Protein chains: 4
Amino acid sequence: MPFMDFLVPGGQRAHDVVGPAAFLDRLVEAEAAWVRAQAAAGALEGSTARALAERLGTGREYDAAGLAAAAEGGGNPVIGLVAAMRERAGDSAAGGDPAWRPLVHRGLTSQDVMDTALMGMLARAVERTLDEVLAAGDAVARLAAEHIGTPMLARTLTQPALPTTFGARAGSWLAGLTGVVPLLRRAREQAPYSLGGAAGTLAALEEWERPAGVGAAELAGRLGAAWGRELCLAGEPLGVWHTRRGPLLRMLEPLAETAAACARIAGDVALSSRAEIAELSEPAAQGRGGSSAMPHKRNPVLSVLIRRSGLSAGAALGAAAQAGALAVEERSDTAWHLEWEPARAVARHGIVAASLTRELAAGLEVHREAMRENLAAHGPAGSGSGQAARTAGQAVRDWSALRRDAAEDAAPQRPTTRESIREAKDR
Amino acid sequence: MPFMDFLVPGGQRAHDVVGPAAFLDRLVEAEAAWVRAQAAAGALEGSTARALAERLGTGREYDAAGLAAAAEGGGNPVIGLVAAMRERAGDSAAGGDPAWRPLVHRGLTSQDVMDTALMGMLARAVERTLDEVLAAGDAVARLAAEHIGTPMLARTLTQPALPTTFGARAGSWLAGLTGVVPLLRRAREQAPYSLGGAAGTLAALEEWERPAGVGAAELAGRLGAAWGRELCLAGEPLGVWHTRRGPLLRMLEPLAETAAACARIAGDVALSSRAEIAELSEPAAQGRGGSSAMPHKRNPVLSVLIRRSGLSAGAALGAAAQAGALAVEERSDTAWHLEWEPARAVARHGIVAASLTRELAAGLEVHREAMRENLAAHGPAGSGSGQAARTAGQAVRDWSALRRDAAEDAAPQRPTTRESIREAKDR
Amino acid sequence: MPFMDFLVPGGQRAHDVVGPAAFLDRLVEAEAAWVRAQAAAGALEGSTARALAERLGTGREYDAAGLAAAAEGGGNPVIGLVAAMRERAGDSAAGGDPAWRPLVHRGLTSQDVMDTALMGMLARAVERTLDEVLAAGDAVARLAAEHIGTPMLARTLTQPALPTTFGARAGSWLAGLTGVVPLLRRAREQAPYSLGGAAGTLAALEEWERPAGVGAAELAGRLGAAWGRELCLAGEPLGVWHTRRGPLLRMLEPLAETAAACARIAGDVALSSRAEIAELSEPAAQGRGGSSAMPHKRNPVLSVLIRRSGLSAGAALGAAAQAGALAVEERSDTAWHLEWEPARAVARHGIVAASLTRELAAGLEVHREAMRENLAAHGPAGSGSGQAARTAGQAVRDWSALRRDAAEDAAPQRPTTRESIREAKDR
Amino acid sequence: MPFMDFLVPGGQRAHDVVGPAAFLDRLVEAEAAWVRAQAAAGALEGSTARALAERLGTGREYDAAGLAAAAEGGGNPVIGLVAAMRERAGDSAAGGDPAWRPLVHRGLTSQDVMDTALMGMLARAVERTLDEVLAAGDAVARLAAEHIGTPMLARTLTQPALPTTFGARAGSWLAGLTGVVPLLRRAREQAPYSLGGAAGTLAALEEWERPAGVGAAELAGRLGAAWGRELCLAGEPLGVWHTRRGPLLRMLEPLAETAAACARIAGDVALSSRAEIAELSEPAAQGRGGSSAMPHKRNPVLSVLIRRSGLSAGAALGAAAQAGALAVEERSDTAWHLEWEPARAVARHGIVAASLTRELAAGLEVHREAMRENLAAHGPAGSGSGQAARTAGQAVRDWSALRRDAAEDAAPQRPTTRESIREAKDR
């Protein structure tokens with residue numbers, strides 16, 4: 001299932017996070033982790049859970065195309081997937097056990113799994129976006145520092161305004177990235193699993209055999225905590241969120257804001273790389289910026305695609321917010337199904353915008369001479385470069401402080417990644 | 001490249017029109033048709049054109065995944081595709097001819113091909129949607145006729161209002177479908193190819209060798225007409241539309257309006273199939289409407305997905321209109337690239353909404369007894385059924401008239417489908 | 001009630017069409033016309049209708065602020081207005097007659113009046129927008145003709161492409177305006193009143209005393225036709241559209257497309273008036289384009305506000321389409337109320353964009369010398385000016401043809417304006 | 001300038017925060033506070049600042065209609081307002097002093113004032129929304145507590161699911177409100193003023209006479225801090241945000257999320273008050289829920305308007321995010337102007353949704369008998385009420401904890417309101 005979307009150039013950068021195979025992995029992973037969680041909560045024997053989870057495998061064990069088509073029947077892909085997973089679990093010829101069948105998806109509703117898989121996807125999108133933003137910010141910080149005293153013309157409402165420095169401009173770009181980092185970190189930490197059962201009451205758990213002395217409420221708490229640990233997702237502190245969609249909107253806002261922060265950088269590059277201004281050029285690269293008709297051209301393609309992503313993420317954020325406003329009762333018709341495409345769009349465009357911006361910033365060509373000439377030709381007398389330099393300096397220091405924090409909490413953060421957890425488990 | 005989108009259940013219904021393979025076909029088709037058009041316009045020998053077009057093949061000859069990834073480089077997939085097509089054209093070992101290479105994409109710009117392929121996709125989407133609407137309308141017309149006198153309670157602002165008939169309700173659904181048919185037909189007829197060349201002036205044509213006595217303008221006219229005939233697309237009467245995007249918006253409005261007309265039907269079914277109202281049920285079908293947790297449930301899944309599509313198409317229409325407002329100069333950065341996803345979303349959700357509605361309407365179960373009981377329990381005294389029946393009757397007659405028109409112009413319409421044209425050509 | 005919206009600069013250009021006083025006029029006008037229509041349909045004595053309609057007056061007779069606040073109670077302003085109008089009608093001390101009270105709003109539902117008033121507002125918005133587009137187009141046509149041979153550099157994806165002429169650029173602007181004129185004309189002609197009664201069946205009419213030999217259906221037909229004549233609105237050919245919202249969407253699309261066509265012109269002016277490009281300047285005017293901090297600046301304010309309007313209209317079009325997809329049953333909760341703000345936004349921004357564009361085009365300063373210099377500095381060798389000139393010429397001829405049509409049908413159109421109808425009636 | 005918007009019923013509830021008079025007050029307040037801030041920073045004598053600020057007065061001293069119309073000239077209302085304020089400042093006949101004229105707006109750019117006034121408006125919107133949410137939440141908490149054991153039928157995807165309790169349903173509503181409270185509090189604390197000067201460098205300050213030993217950077221810091229204290233706005237920690245619009249988006253997200261949380265409650269009430277379900281009724285009130293045609297009806301008008309606001313706020317959030325993605329250079333054309341309407345829409349609909357929800361929740365009528373009957377008629381056997389009661393209990397405890405926090409920090413919060421600050425100053 002390689003990336004194959006001709007209408008979203010650059011989308012391959014997010015494909016391993018938001019593509020169909022990735023989402024199927026998130027679904028299967030959620031179900032398999034639920035089996036392990038049952039053991040962790042004392043509701044299932046550990047060896048059974050391990051064997052069953054092993055048997056369930058990953059997304060690639062399942063017929064993706066068949067499941068996608070079957071999703072129409074129930075309105076979501078979980079129903080078909082659960083059937084396939086139970087089939088697999090119960091196939092004794094292939095190492096399964098019929099007794100395992102009811103353990104798959106036990107006590108869950110399809111929305112639990114869809115929401116949790118969606119959050120798994122969004123959590124990864126946030127992680128990836130954050131990585132890209134940090135790399136992009138490092139490059140921008142270098143630009144701001146290097147050009148702290150490079151005079152250029154400030155433009156306001158398209159027109160020449162006052163002298164500034166390219167360092168101040170890049171410092172303003174940097175502040176945009178600096179601003180989203182804590183939002184992305186918080187989003188990553190708070191991304192919740194969804195656990196409500198058929199009607200948001202986890203009623204089915206009351207009928208489970210429970211460890212001695214453990215009530216249904218405590219069992220629910222243990223199950224959730226274990227599921228969250230397995231999936232590196234948090235609990236939603238306010239409980240079930242089947243029809244309370246703030247937790248989703250709060251995941252999407254930082255991604256959309258990131259895409260917008262990148263788009264603002266790209267907007268500047270697109271304008272500044274116009275031939276008549278010529279103060280910046282996108283990094284030259286084989287196969288980039290060419291034209292099918294005019295070999296002499298070098299189009300600011302990175303910038304174009306970044307802006308595309310910034311605007312697309314903004315529109316999708318609005319669509320997701322509207323979907324949330326339509327939520328009703330214990331689980332919604334329509335409102336829930338309406339969220340999936342915009343949520344993925346925000347995730348995709350957040351990653352793509354940040355990733356392209358990293359590349360743009362890392363190789364951006366700065367033409368000091370053109371800056372000087374344009375300033376001389378169009379700028380008013382006077383100088384703001386002292387203040388501009390201070391602005392640039394502050395932006396760089398803010399970034400450095402944020403990076404130091406990142407370095408410090410790198411160690412404790414590590415173990416929250418899925419890979420290390422799984423490794424830890426395997427040891 | 002089967003349908004594999006877990007986040008758009010029902011999307012498989014549009015996959016052969018809007019999926020990646022279909023779009024790649026549209027791109028290749030546009031380029032191959034351009035070669036034939038050169039011959040038809042007298043700018044290329046017919047035998048060369050036929051051999052070259054044959055050699056170019058269809059989308060499946062090309063590396064879709066590679067081209068999709070490469071689209072990032074130029075911001076669109078055409079640049080890579082043209083390179084691959086020229087490669088193929090010039091490969092003499094495989095039956096090509098190096099002299100053919102420059103004939104591929106000759107005089108075009110990538111936007112010509114993208115816009116034309118997009119219109120090819122949208123034209124097919126409109127055709128498919130129209131087919132589905134006609135079938136859905138036939139089913140709704142039967143409902144309206146059959147229930148012209150079936151009393152039911154009219155609801156306004158959620159509350160019991162006055163007596164009506166289910167025929168009048170279905171007649172109102174039908175009028176929604178009746179209303180979009182002429183819009184879809186007009187959209188299909190007007191869908192234009194895009195032909196402007198690198199800067200919207202078709203300047204390259206001035207350097208072509210031209211048939212004796214044929215000026216550049218006339219050659220351009222001939223080329224466009226021939227290209228349009230090949231692709232079953234019209235000329236845009238006002239010329240180049242690289243940065244004049246009304247022609248696109250006018251293709252999308254009828255699709256979005258169709259999705260909304262379907263969503264209004266689905267909204268009624270979703271409400272009416274609530275257990276406490278129970279006046280309508282979605283068609284029962286194996287694997288439809290099930291729940292992963294509650295075997296007793298029968299969810300109105302068709303209605304849910306139709307409403308999802310109606311709302312999604314509306315949002316995408318707005319995004320496309322905004323993109324159009326950002327168009328600049330001879331060919332836009334960003335504004336152009338921003339259109340593709342919403343255009344596809346409108347097309348997809350138009351088809352999906354209409355197709356699901358056809359199925360919904362064809363098998364809808366009407367519970368007269370519940371209608372009578374609800375009316376008796378909650379309706380005020382009095383009757384509006386005479387007027388309601390007239391409304392229903394009018395709606396059915398309007399539909400019949402429209403269908404008769406369709407039957408009458410079926411013959412002349414036929415030859416405008418691609419298949420028949422191609423067949424005609426092959427004969 | 002003067003215009004007072006600090007957050008929509010330029011909004012005063014649409015205030016007499018979309019402002020509160022205008023909308024109140026539309027509401028009162030609809031109710032008063034309904035009284036006259038009863039007489040025209042033979043259901044009320046002519047002298048009574050005239051006296052009562054006279055008594056009802058216009059919007060300024062009513063307490064706008066009180067009615068606006070009271071609209072919360074019923075969810076729309078009609079309920080309060082009808083009470084006030086009946087009060088006024090029945091006040092015998094002031095020339096009313098208690099017997100007139102029930103004649104006001106007789107047989108209507110509040111949505112009939114809201115929808116009809118909304119269409120009255122939109123019809124005027126379309127008329128005004130069309131007037132502005134025609135004036136703007138005349139100015140753009142002069143630019144295209146005057147500069148048919150003025151060489152300039154074509155830009156694609158921000159970069160220098162090939163030579164073109166400013167006439168070709170202006171011709172492309174003109175084609176955008178040419179394209180919307182027939183859409184606006186059609187919208188104006190088709191704008192329908194809304195007549196369904198409480199539950200879309202006009203059931204109340206069955207209890208009216210009717211002229212001898214006139215059935216309820218015929219009476220409904222007569223009433224609608226007379227109401228439409230009074231209000232210069234058409235009948236919706238498919239009947240009641242309370243929950244079939246295509247008729248609204250079809251009014252809005254041309255306005256949004258107009259705003260986008262204007263925004264594309266404005267986008268070019270904003271870019272071209274950058275100091276480094278300097279090919280175009282907005283018309284100089286007292287108090288326009290100033291800066292609160294930098295006296296030397298001349299901001300392209302018209303262009304900024306036009307683009308703002310183009311983008312805003314696009315977003316609002318999407319919101320209206322989504323609202324239409326939420327329609328249910330005989331009259332909708334939420335879906336209906338959700339339409340009003342976006343409908344007004346599209347109308348406002350359509351008018352404002354077109355009106356500002358007229359001003360922009362009429363006074364646009366073209367700097368041939370800068371065009372020549374930029375072309376020499378950045379353009380590739382070669383020429384496309386022949387083809388460009390042909391494009392410009394075609395655009396101007398298309399516009400002239402459209403204007404001749406307008407001149408021809410000017411006379412028959414006149415009598416369809418409200419004022420002349422009323423005058424005709426008064427004579 | 002009373003509320004007069006017929007197309008936004010309920011809008012009067014936000015009029016004193018987002019209406020034109022309020023925004024004009026925010027503009028004037030920002031300029032007057034800037035004069036005081038100059039004194040507080042040591043750049044102006046205290047007595048002069050006090051006299052001048054006094055002279056500048058409040059919004060009602062200025063010609064609102066004239067300023068709104070004049071806003072077109074500069075693209076925003078600040079330019080005209082500054083002229084009027086300088087006029088007023090310098091009018092020695094009326095107690096002004098010509099020497100005061102240049103002190104007004106000294107060193108600022110119009111965007112500083114627009115952004116700051118916008119944040120002033122949004123900060124008040126957040127405060128008001130928070131107040132309404134707290135009152136609404138108290139009422140919902142009472143419902144949840146009172147009905148902790150009231151059995152009702154859970155519905156999922158419109159269909160009967162399992163037993164729950166109305167307390168659990170209300171607990172889920174409550175969690176929605178609980179979730180937004182910290183977001184609104186944070187937004188209120190972080191709402192920043194905007195201070196960048198003409199080109200984002202505060203260059204003008206370098207030419208001011210400064211207190212001995214105070215550099216331009218320190219003066220800027222002092223000015224910002226003093227301005228913020230005057231206006232109860234924070235500094236944006238990352239500096240100038242003229243073209244870095246995350247700070248705005250972060251103000252809007254909690255308001256939109258609040259409106260969605262309210263809409264989810266309203267959606268339930270609208271469904272549950274259907275005659276066939278009849279489990280809930282909106283509070284009865286004189287003039288509420290009436291119909292212009294059917295006296296027997298009681299429409300769920302509060303719910304309708306709340307949902308309208310939830311959906312409208314969501315759409316506007318998206319539009320604001322898109323505008324942010326279009327930001328460029330030191331100050332944007334179009335992108336900036338595009339934000340104002342959606343920002344106001346989010347603020348208005350946030351307040352209106354919360355305020356209507358408070359009223360809805362406070363008077364909601366709960367029909368236990370109908371809940372019991374529907375459960376018996378449509379519910380499957382079994383019980384989830386134990387778990388449901390626990391959910392409800394948790395939600396109520398969470399709310400209580402949050403309210404205790406509110407009570408504790410009530411005292412320190414007070415002095416941060418504008419009125420008390422001004423009073424403190426006057427003493």
# chains A, B, ... in the order shown; residues from 1 in each chain; ligands from 1
>>> interface_residues(of="chain D", to="chain C", cutoff="6 Å", atoms="only C-alpha atoms", output="CSV table (one decimal) with C-alpha atoms, in the first residue's frame")
chain,number,residue,atom,x,y,z
D,4,MET,CA,-30.6,44.8,15.8
D,5,ASP,CA,-29.6,41.7,14.0
D,6,PHE,CA,-32.6,39.8,12.8
D,7,LEU,CA,-30.5,37.0,11.4
D,9,PRO,CA,-31.6,35.4,17.2
D,10,GLY,CA,-30.2,35.4,20.7
D,20,PRO,CA,-20.0,47.9,17.5
D,65,ALA,CA,-21.0,55.6,12.1
D,68,ALA,CA,-17.1,52.8,10.5
D,71,ALA,CA,-12.5,52.4,7.9
D,72,GLU,CA,-12.7,51.5,4.2
D,73,GLY,CA,-10.1,54.2,3.4
D,74,GLY,CA,-7.3,52.7,5.4
D,75,GLY,CA,-8.7,49.1,5.5
D,79,ILE,CA,-6.5,55.5,11.1
D,109,THR,CA,0.8,51.0,14.3
D,110,SER,CA,-2.9,50.5,13.5
D,198,ALA,CA,5.1,50.1,12.2
D,287,GLY,CA,-42.9,34.2,24.4
D,288,ARG,CA,-40.6,31.3,24.0
D,289,GLY,CA,-41.1,28.5,21.5
D,290,GLY,CA,-44.2,29.8,20.0
D,292,SER,CA,-46.6,32.0,14.0
D,293,ALA,CA,-49.1,29.5,12.6
D,301,VAL,CA,-36.0,27.1,20.5
D,304,VAL,CA,-32.1,25.2,18.1
D,308,ARG,CA,-26.9,27.0,15.5
D,333,ASP,CA,-2.5,42.2,3.5
D,334,THR,CA,-5.8,40.3,3.4
D,338,LEU,CA,-9.9,38.2,7.0
D,340,TRP,CA,-12.0,39.9,12.1
>>> select_by_dssp(residues="stretch 112-171 of chain C", states="alpha helix (DSSP H)", output="ChimeraX atom specification")
/C:112-146,166-171
>>> residues_around(residues="B:Glu61", least_positions_apart="3", cutoff="10 Å", atoms="only C-alpha atoms", output="VMD selection string")
chain B and resid 25 28 55 to 58 64 84 to 85 88
>>> residues_around(residues="C:Ala99", least_positions_apart="6", cutoff="10 Å", atoms="only C-alpha atoms", output="ChimeraX atom specification")
/C:86,89-92
>>> write_last_selection(atoms="all heavy atoms", output="mmCIF file, in the first residue's frame")
data_model
loop_
_atom_site.group_PDB
_atom_site.id
_atom_site.type_symbol
_atom_site.label_atom_id
_atom_site.label_comp_id
_atom_site.auth_asym_id
_atom_site.auth_seq_id
_atom_site.Cartn_x
_atom_site.Cartn_y
_atom_site.Cartn_z
ATOM 1 N N ARG C 86 -50.189 42.925 13.531
ATOM 2 C CA ARG C 86 -51.615 42.738 13.828
ATOM 3 C C ARG C 86 -52.100 43.827 14.788
ATOM 4 O O ARG C 86 -53.197 44.348 14.645
ATOM 5 C CB ARG C 86 -51.846 41.346 14.418
ATOM 6 C CG ARG C 86 -51.761 40.277 13.353
ATOM 7 C CD ARG C 86 -52.078 38.880 13.885
ATOM 8 N NE ARG C 86 -52.199 37.951 12.759
ATOM 9 C CZ ARG C 86 -51.970 36.645 12.830
ATOM 10 N NH1 ARG C 86 -51.599 36.092 13.971
ATOM 11 N NH2 ARG C 86 -52.110 35.881 11.756
ATOM 12 N N ALA C 89 -52.531 46.755 12.688
ATOM 13 C CA ALA C 89 -53.679 46.592 11.795
ATOM 14 C C ALA C 89 -54.985 46.802 12.554
ATOM 15 O O ALA C 89 -55.945 47.385 12.029
ATOM 16 C CB ALA C 89 -53.655 45.200 11.168
ATOM 17 N N GLY C 90 -55.000 46.360 13.798
ATOM 18 C CA GLY C 90 -56.262 46.354 14.526
ATOM 19 C C GLY C 90 -56.530 47.606 15.347
ATOM 20 O O GLY C 90 -57.578 47.711 15.984
ATOM 21 N N ASP C 91 -55.608 48.534 15.323
ATOM 22 C CA ASP C 91 -55.741 49.721 16.160
ATOM 23 C C ASP C 91 -56.716 50.703 15.516
ATOM 24 O O ASP C 91 -56.343 51.548 14.701
ATOM 25 C CB ASP C 91 -54.347 50.355 16.334
ATOM 26 C CG ASP C 91 -54.394 51.573 17.238
ATOM 27 O OD1 ASP C 91 -55.499 51.941 17.714
ATOM 28 O OD2 ASP C 91 -53.318 52.156 17.459
ATOM 29 N N SER C 92 -57.965 50.635 15.917
ATOM 30 C CA SER C 92 -58.982 51.445 15.232
ATOM 31 C C SER C 92 -58.781 52.934 15.530
ATOM 32 O O SER C 92 -59.110 53.771 14.696
ATOM 33 C CB SER C 92 -60.393 50.973 15.624
ATOM 34 O OG SER C 92 -60.464 50.768 17.011
#
>>> atom_distance(atom1="atom CA of A:Arg229", atom2="atom CA of D:Pro182")
25.6 Å
>>> residues_around(residues="B:Glu365", least_positions_apart="4", cutoff="9 Å", atoms="only C-alpha atoms", output="list of chain:residue names")
B:Glu279, B:Leu280, B:Ser281, B:Glu282, B:Pro283, B:Ala284, B:Ala361
>>> write_last_selection(atoms="N, CA, C and O atoms", output="CSV table (one decimal), in the first residue's frame")
chain,number,residue,atom,x,y,z
B,279,GLU,N,-41.4,4.9,11.9
B,279,GLU,CA,-42.2,5.0,10.7
B,279,GLU,C,-41.5,4.5,9.4
B,279,GLU,O,-42.1,4.1,8.4
B,280,LEU,N,-40.2,4.5,9.5
B,280,LEU,CA,-39.4,4.0,8.3
B,280,LEU,C,-38.3,3.1,8.8
B,280,LEU,O,-37.8,3.3,9.9
B,281,SER,N,-37.9,2.2,8.0
B,281,SER,CA,-36.7,1.4,8.3
B,281,SER,C,-35.8,1.3,7.0
B,281,SER,O,-36.4,1.3,5.9
B,282,GLU,N,-34.6,1.4,7.3
B,282,GLU,CA,-33.6,1.2,6.1
B,282,GLU,C,-33.8,-0.3,5.6
B,282,GLU,O,-34.2,-1.1,6.4
B,283,PRO,N,-33.5,-0.5,4.3
B,283,PRO,CA,-33.6,-1.8,3.8
B,283,PRO,C,-32.7,-2.8,4.6
B,283,PRO,O,-31.6,-2.4,5.0
B,284,ALA,N,-33.2,-3.9,4.9
B,284,ALA,CA,-32.5,-4.9,5.6
B,284,ALA,C,-31.5,-5.6,4.6
B,284,ALA,O,-31.9,-5.8,3.5
B,361,ALA,N,-33.5,4.3,-1.0
B,361,ALA,CA,-34.8,4.5,-1.5
B,361,ALA,C,-35.4,3.2,-2.1
B,361,ALA,O,-36.6,3.0,-1.9
>>> residues_around(residues="B:Gly386", least_positions_apart="5", cutoff="12 Å", atoms="only C-alpha atoms", output="ChimeraX atom specification")
/B:148-151,163-165,167-168,391-393 /C:201-207,215-217
>>> closest_residue(among="C:Ala170, C:Met371, C:Ala53, C:Ala117", to="C:Glu276", atoms="only C-alpha atoms")
C:Met371
>>> closest_residue(among="A:Ser172, A:Thr243, A:Ser355, A:Thr129", to="A:Gly196", atoms="only C-alpha atoms")
A:Thr243
>>> atom_distance(atom1="atom CA of B:Val140", atom2="atom CA of B:Ser400")
11.7 Å
>>> atom_distance(atom1="atom CA of B:His15", atom2="atom CA of B:Arg348")
7.8 Å
